[in-house]
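K.L.:
Have a look at this one before I ask anything.
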Amino acid sequence: MFQSVGIRYNLWKAPRWSWAPPVWYIRTKTAKFAAHMPNTTQKSLSRRFPILGRAARGIKRATVLWGIGACIFFLLYFFYVRHYLNPQLLYHADKIVLPSGKVIDFPIYRQGAEFGREFLGRPGGLSEYAAARLGQYYYYSRLGPIVLTAIALGLYLFSHWLIGIGGGRASRWLRFAPPLLLLIACNQYTFALHNHVALAAALIAAVFYLFVAARADRAVVRLIIFAITCIALYYAAGGSYMLFAILCVLFEVLTRRRYLPGGLYALTAALVPLGGVWFFGIAFNAAYSLPSGLLPFDGTLGVTALWGLYVFFVLVAIGLPPRCALGRLGFALGTSRLPGKLKVACAVGVLAAASVSAACFTIDTDARRVLQANYLARMEQWGELLEEVDRHGARGYPPSVMLDVNLALFETGQMGNRMFSYPQHPSVLFEIGSHAVEYKGGCEVLLRLGRINEAEHSALEALEINGERPETLRCLAIIYIVKDQPGAARIFLTRLSKDLIAGQWARGTLRRLEDDPRLSSDEQIRYLRSVMPRHDMIVTSTKSTDASAGSGNMKETLLLALLAGNRKNRMAFEYLMAYYLLTKQPGKIACSLGRLDDFDYPTVPDHYGEAALMYGYKVRRQVKLAGPVFRAQTRKKIRDVVGIMRGCKGDQDAISKALADEFPNSYCRYLLTGNSGGAR
């Protein structure tokens, strides 16, 4: 009946002189108009025009149901992102190597115009700047999930608008596909917030064009609006402008049937990157093949999901014309194939199944396990770190996490008893110079030991390689305060004060330096000054040498120098003993047991006792102590190990299997087979 009054059903095909809304718009306005009528008027209209009454009641009920469903969906979305996905893990994971081999590259952000100008000289810089700013909120347990949920909500709303254009109420559930694709990408723990921001910018530009430029009377005006928007979007979001261009071309070609403007749009979009080549000096291939905002397709699940977002909106735009025809047909018939409750139940079931599948079957559990352990180490939650590693098993963790595990063992007083419950290697104790940069907590371990100069060297290397990371700037500031160089410390504190998260600590430390340039009242500074060596030494090499031949090792020399300066440096002592254990020097363990008197050990720790007693068995001498005594279970363990060695008669495979079964976490197993941590 509406055809008789000249009302068309497709917004895309609206005449120039009027805005003819689609069917869904007419129904919605009818429902809102009826809601404000008196009850008698509503009943009267329902009797005279039954179809209008049914439409008003049906649309109102369906809108409420879908609104409630969307609210529940995004509430669960937020709780999943906050309590399970946990964006906080990414904030502290810069340069962490995931089990898949990928390295997380978390952006640096500093407040101020100077930092912002760095992003103005390349296409996509503005979206990268926005992503760097939003990424800082990942530090907070609530704001990070809010950022990701807001992006997912924006994708949902654009899908809602795009799908609703064709009046396709039966395809409402498709609007939940973009948030689920975004969730799949985030489940891979790859920081791609700049891609999400660029995609959102492209969709906003598409909305702007379709609502503003589509009403322009002349094709030339629309082309000018398209060109200006396309150039601005390429500068702001980089390669994501292509999605905007494709949507506009499809709008002109498929719905308005204007092939010449569509071709001009495509040609204009193809020429836009040439402006980047000319104006920004970008290489010709890079301007087209690797624009900012689009991740190179590598076949991984996360990148596939991100590309799927772009493909989804393109396919929806392509399917608009046939869906519009189906929508008109369904409205004209005024019937539905399924009862309303059954349709709702089916939609809820499909959505629930898709959501559970996306949440449970696409999460990279190995990456989450590594990042959770790294997060606990950065938060200095040492007991929780050991519980996390014990819960999942130590196998599969990168060396950076194992270095943190050893530090956690020291901080919890378990280094001499449980060290070989985890896979060990001499390199995961600590490293020096540029090698320490490869480990997330490498500089921190050197600083805690008291090797201030070596920590300074490693931190400066990290500053050169990784940029002005907050943890690096903070480490350098502490180092120069300890070395009584407040001027140098102020330089790094000033840079750190512009950080959104660590800036408060930096500004507070600057104020304290004004009152006390040495920070003599700070407990951490006093401790570091008490354990730092009094004399400098030259580090010539970090390579291991043959200790049995009498030539020393630089790590051993550094630790011995610390103990020579302060006999009470417990960390230096335990790390020296751990170094002897890892390099299989039980003789030096036996000779160093006298240092136990400098500390409050009630008995000899298990690993030290095993090494000393095994050395005594080898040289056929009894190891005697004046202070702490060996534990009875340690002596029994050595007797059992000796019995296994004699019973296997030198068969290394048999010895390895027997020790793995009987004493999987003992030092004897590591000494005889090189294995530890329960692995065969």
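Numbering starts fresh at 1 for the residues of each chain in the structure tokens, the chains themselves are lettered A, B, ... in the order given, and ligands are numbered from 1 as they appear.
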Can you pull out every residue within 6 Å of stretch 421-432 of chain A, counting only C-alpha atoms, but drop anything in the same chain fewer than 6 positions away, and send it as a ChimeraX atom specification?

P.N.:
/A:394,399,403,582,665,676-677

K.L.:
If you keep N, CA and C atoms, can you produce a file of those selected residues as a PDB file, in the first residue's frame?

P.N.:
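Done, and the output landed in part-v2.pdb:
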```pdb
ATOM      1  N   ALA A 394      56.873 -26.242  34.252  1.00  0.00           N
ATOM      2  CA  ALA A 394      57.863 -25.247  33.837  1.00  0.00           C
ATOM      3  C   ALA A 394      58.275 -25.395  32.380  1.00  0.00           C
ATOM      4  N   PRO A 399      63.440 -18.414  28.256  1.00  0.00           N
ATOM      5  CA  PRO A 399      64.508 -18.142  29.233  1.00  0.00           C
ATOM      6  C   PRO A 399      64.259 -16.905  30.078  1.00  0.00           C
ATOM      7  N   LEU A 403      64.562 -16.872  34.171  1.00  0.00           N
ATOM      8  CA  LEU A 403      65.393 -15.959  34.957  1.00  0.00           C
ATOM      9  C   LEU A 403      64.578 -15.355  36.095  1.00  0.00           C
ATOM     10  N   LEU A 582      75.081 -24.814  38.695  1.00  0.00           N
ATOM     11  CA  LEU A 582      74.725 -24.901  37.277  1.00  0.00           C
ATOM     12  C   LEU A 582      75.925 -25.274  36.408  1.00  0.00           C
ATOM     13  N   ASN A 665      63.679 -33.994  41.071  1.00  0.00           N
ATOM     14  CA  ASN A 665      63.968 -32.586  41.365  1.00  0.00           C
ATOM     15  C   ASN A 665      65.254 -32.396  42.165  1.00  0.00           C
ATOM     16  N   SER A 676      66.786 -31.548  34.573  1.00  0.00           N
ATOM     17  CA  SER A 676      66.168 -31.045  35.802  1.00  0.00           C
ATOM     18  C   SER A 676      64.721 -30.699  35.510  1.00  0.00           C
ATOM     19  N   GLY A 677      63.979 -30.462  36.569  1.00  0.00           N
ATOM     20  CA  GLY A 677      62.598 -30.029  36.395  1.00  0.00           C
ATOM     21  C   GLY A 677      61.647 -31.123  36.003  1.00  0.00           C
TER      22      GLY A 677
END
```

K.L.:
If you measure from atom CA of A:Lys95 to atom CA of A:Tyr139, what distance in Å do you get, rounded to one decimal?

P.N.:
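Taking atom CA of A:Lys95 and atom CA of A:Tyr139, their separation equals 16.4 Å.
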
K.L.:
Listing only residues of stretch 47-159 of chain A within 10 Å of stretch 278-288 of chain A, what is the closest atom pair and its distance in Å (to one decimal) for each, using only C-alpha atoms, sorted by chain and residue number ascending, as CSV?

P.N.:
```
residue,atom,partner,partner_atom,distance
A:Leu120,CA,A:Phe280,CA,9.9
A:Gly121,CA,A:Phe280,CA,6.6
A:Arg122,CA,A:Phe280,CA,6.2
A:Pro123,CA,A:Phe280,CA,8.0
```

K.L.:
Keeping only N, CA, C and O atoms, write those residues as a compact mmCIF listing (two decimals), in the first residue's frame.

P.N.:
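Here's the written file again.txt:
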```txt
# COMPACT_ATOMS: atom_id res chain seq x y z
N LEU A 120 53.43 12.64 13.07
CA LEU A 120 52.81 13.46 12.02
C LEU A 120 53.48 13.31 10.67
O LEU A 120 52.96 13.78 9.67
N GLY A 121 54.61 12.67 10.64
CA GLY A 121 55.38 12.61 9.40
C GLY A 121 55.19 11.36 8.59
O GLY A 121 56.01 11.07 7.70
N ARG A 122 54.11 10.59 8.83
CA ARG A 122 53.89 9.38 8.04
C ARG A 122 52.40 9.05 8.03
O ARG A 122 51.69 9.37 8.98
N PRO A 123 51.93 8.41 6.97
CA PRO A 123 50.52 7.98 6.93
C PRO A 123 50.24 6.97 8.04
O PRO A 123 51.04 6.07 8.30
```

K.L.:
Run DSSP on the backbone and give me the residues of stretch 608-675 of chain A it puts in alpha helix (DSSP H), as a ChimeraX atom specification.

P.N.:
/A:608-619,632-648,652-662,667-673

K.L.:
Would you compute the distance between atom CA of A:Val445 and atom CA of A:Pro87? Give it in Å to one decimal.

P.N.:
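Interatomic distance here is 25.9 Å.
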
K.L.:
Could you pull the residues within 10 Å of A:Phe115, counting only C-alpha atoms, minus those fewer than 6 positions along the same chain, as a list of chain:residue names?

P.N.:
A:Ile108, A:Tyr109, A:Tyr129, A:Lys498

K.L.:
Restricting it to N, CA, C and O atoms, dump the selection as a CSV table (one decimal), in the first residue's frame.

P.N.:
```csv
chain,number,residue,atom,x,y,z
A,108,ILE,N,55.4,2.7,22.8
A,108,ILE,CA,55.9,3.7,23.8
A,108,ILE,C,55.0,4.9,23.7
A,108,ILE,O,54.6,5.3,22.6
A,109,TYR,N,54.7,5.5,24.8
A,109,TYR,CA,53.8,6.7,24.8
A,109,TYR,C,54.4,7.7,25.9
A,109,TYR,O,54.7,7.3,27.0
A,129,TYR,N,49.3,6.9,17.1
A,129,TYR,CA,49.4,7.7,18.3
A,129,TYR,C,48.2,7.4,19.2
A,129,TYR,O,48.4,7.3,20.5
A,498,LYS,N,56.9,12.2,31.9
A,498,LYS,CA,55.9,12.3,30.8
A,498,LYS,C,55.2,11.0,30.5
A,498,LYS,O,54.3,11.0,29.6
```

K.L.:
Atom CA of A:Ile163 to atom CA of A:Trp66: how many Å, to one decimal?

P.N.:
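Taking atom CA of A:Ile163 as the start and atom CA of A:Trp66 as the end point, the length is 14.2 Å.
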
K.L.:
Could you check which of A:Ala237, A:Met402, A:Ala192, A:Ala359 is closest to A:Asn374, using only C-alpha atoms?

P.N.:
A:Met402

K.L.:
Find, counting only C-alpha atoms, the residue in A:Phe73, A:Tyr140, A:Phe106, A:Trp161 that gets nearest to A:Ile204.

P.N.:
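Going through A:Phe73, A:Tyr140, A:Phe106, A:Trp161 one by one, the smallest distance to A:Ile204 is for A:Trp161.
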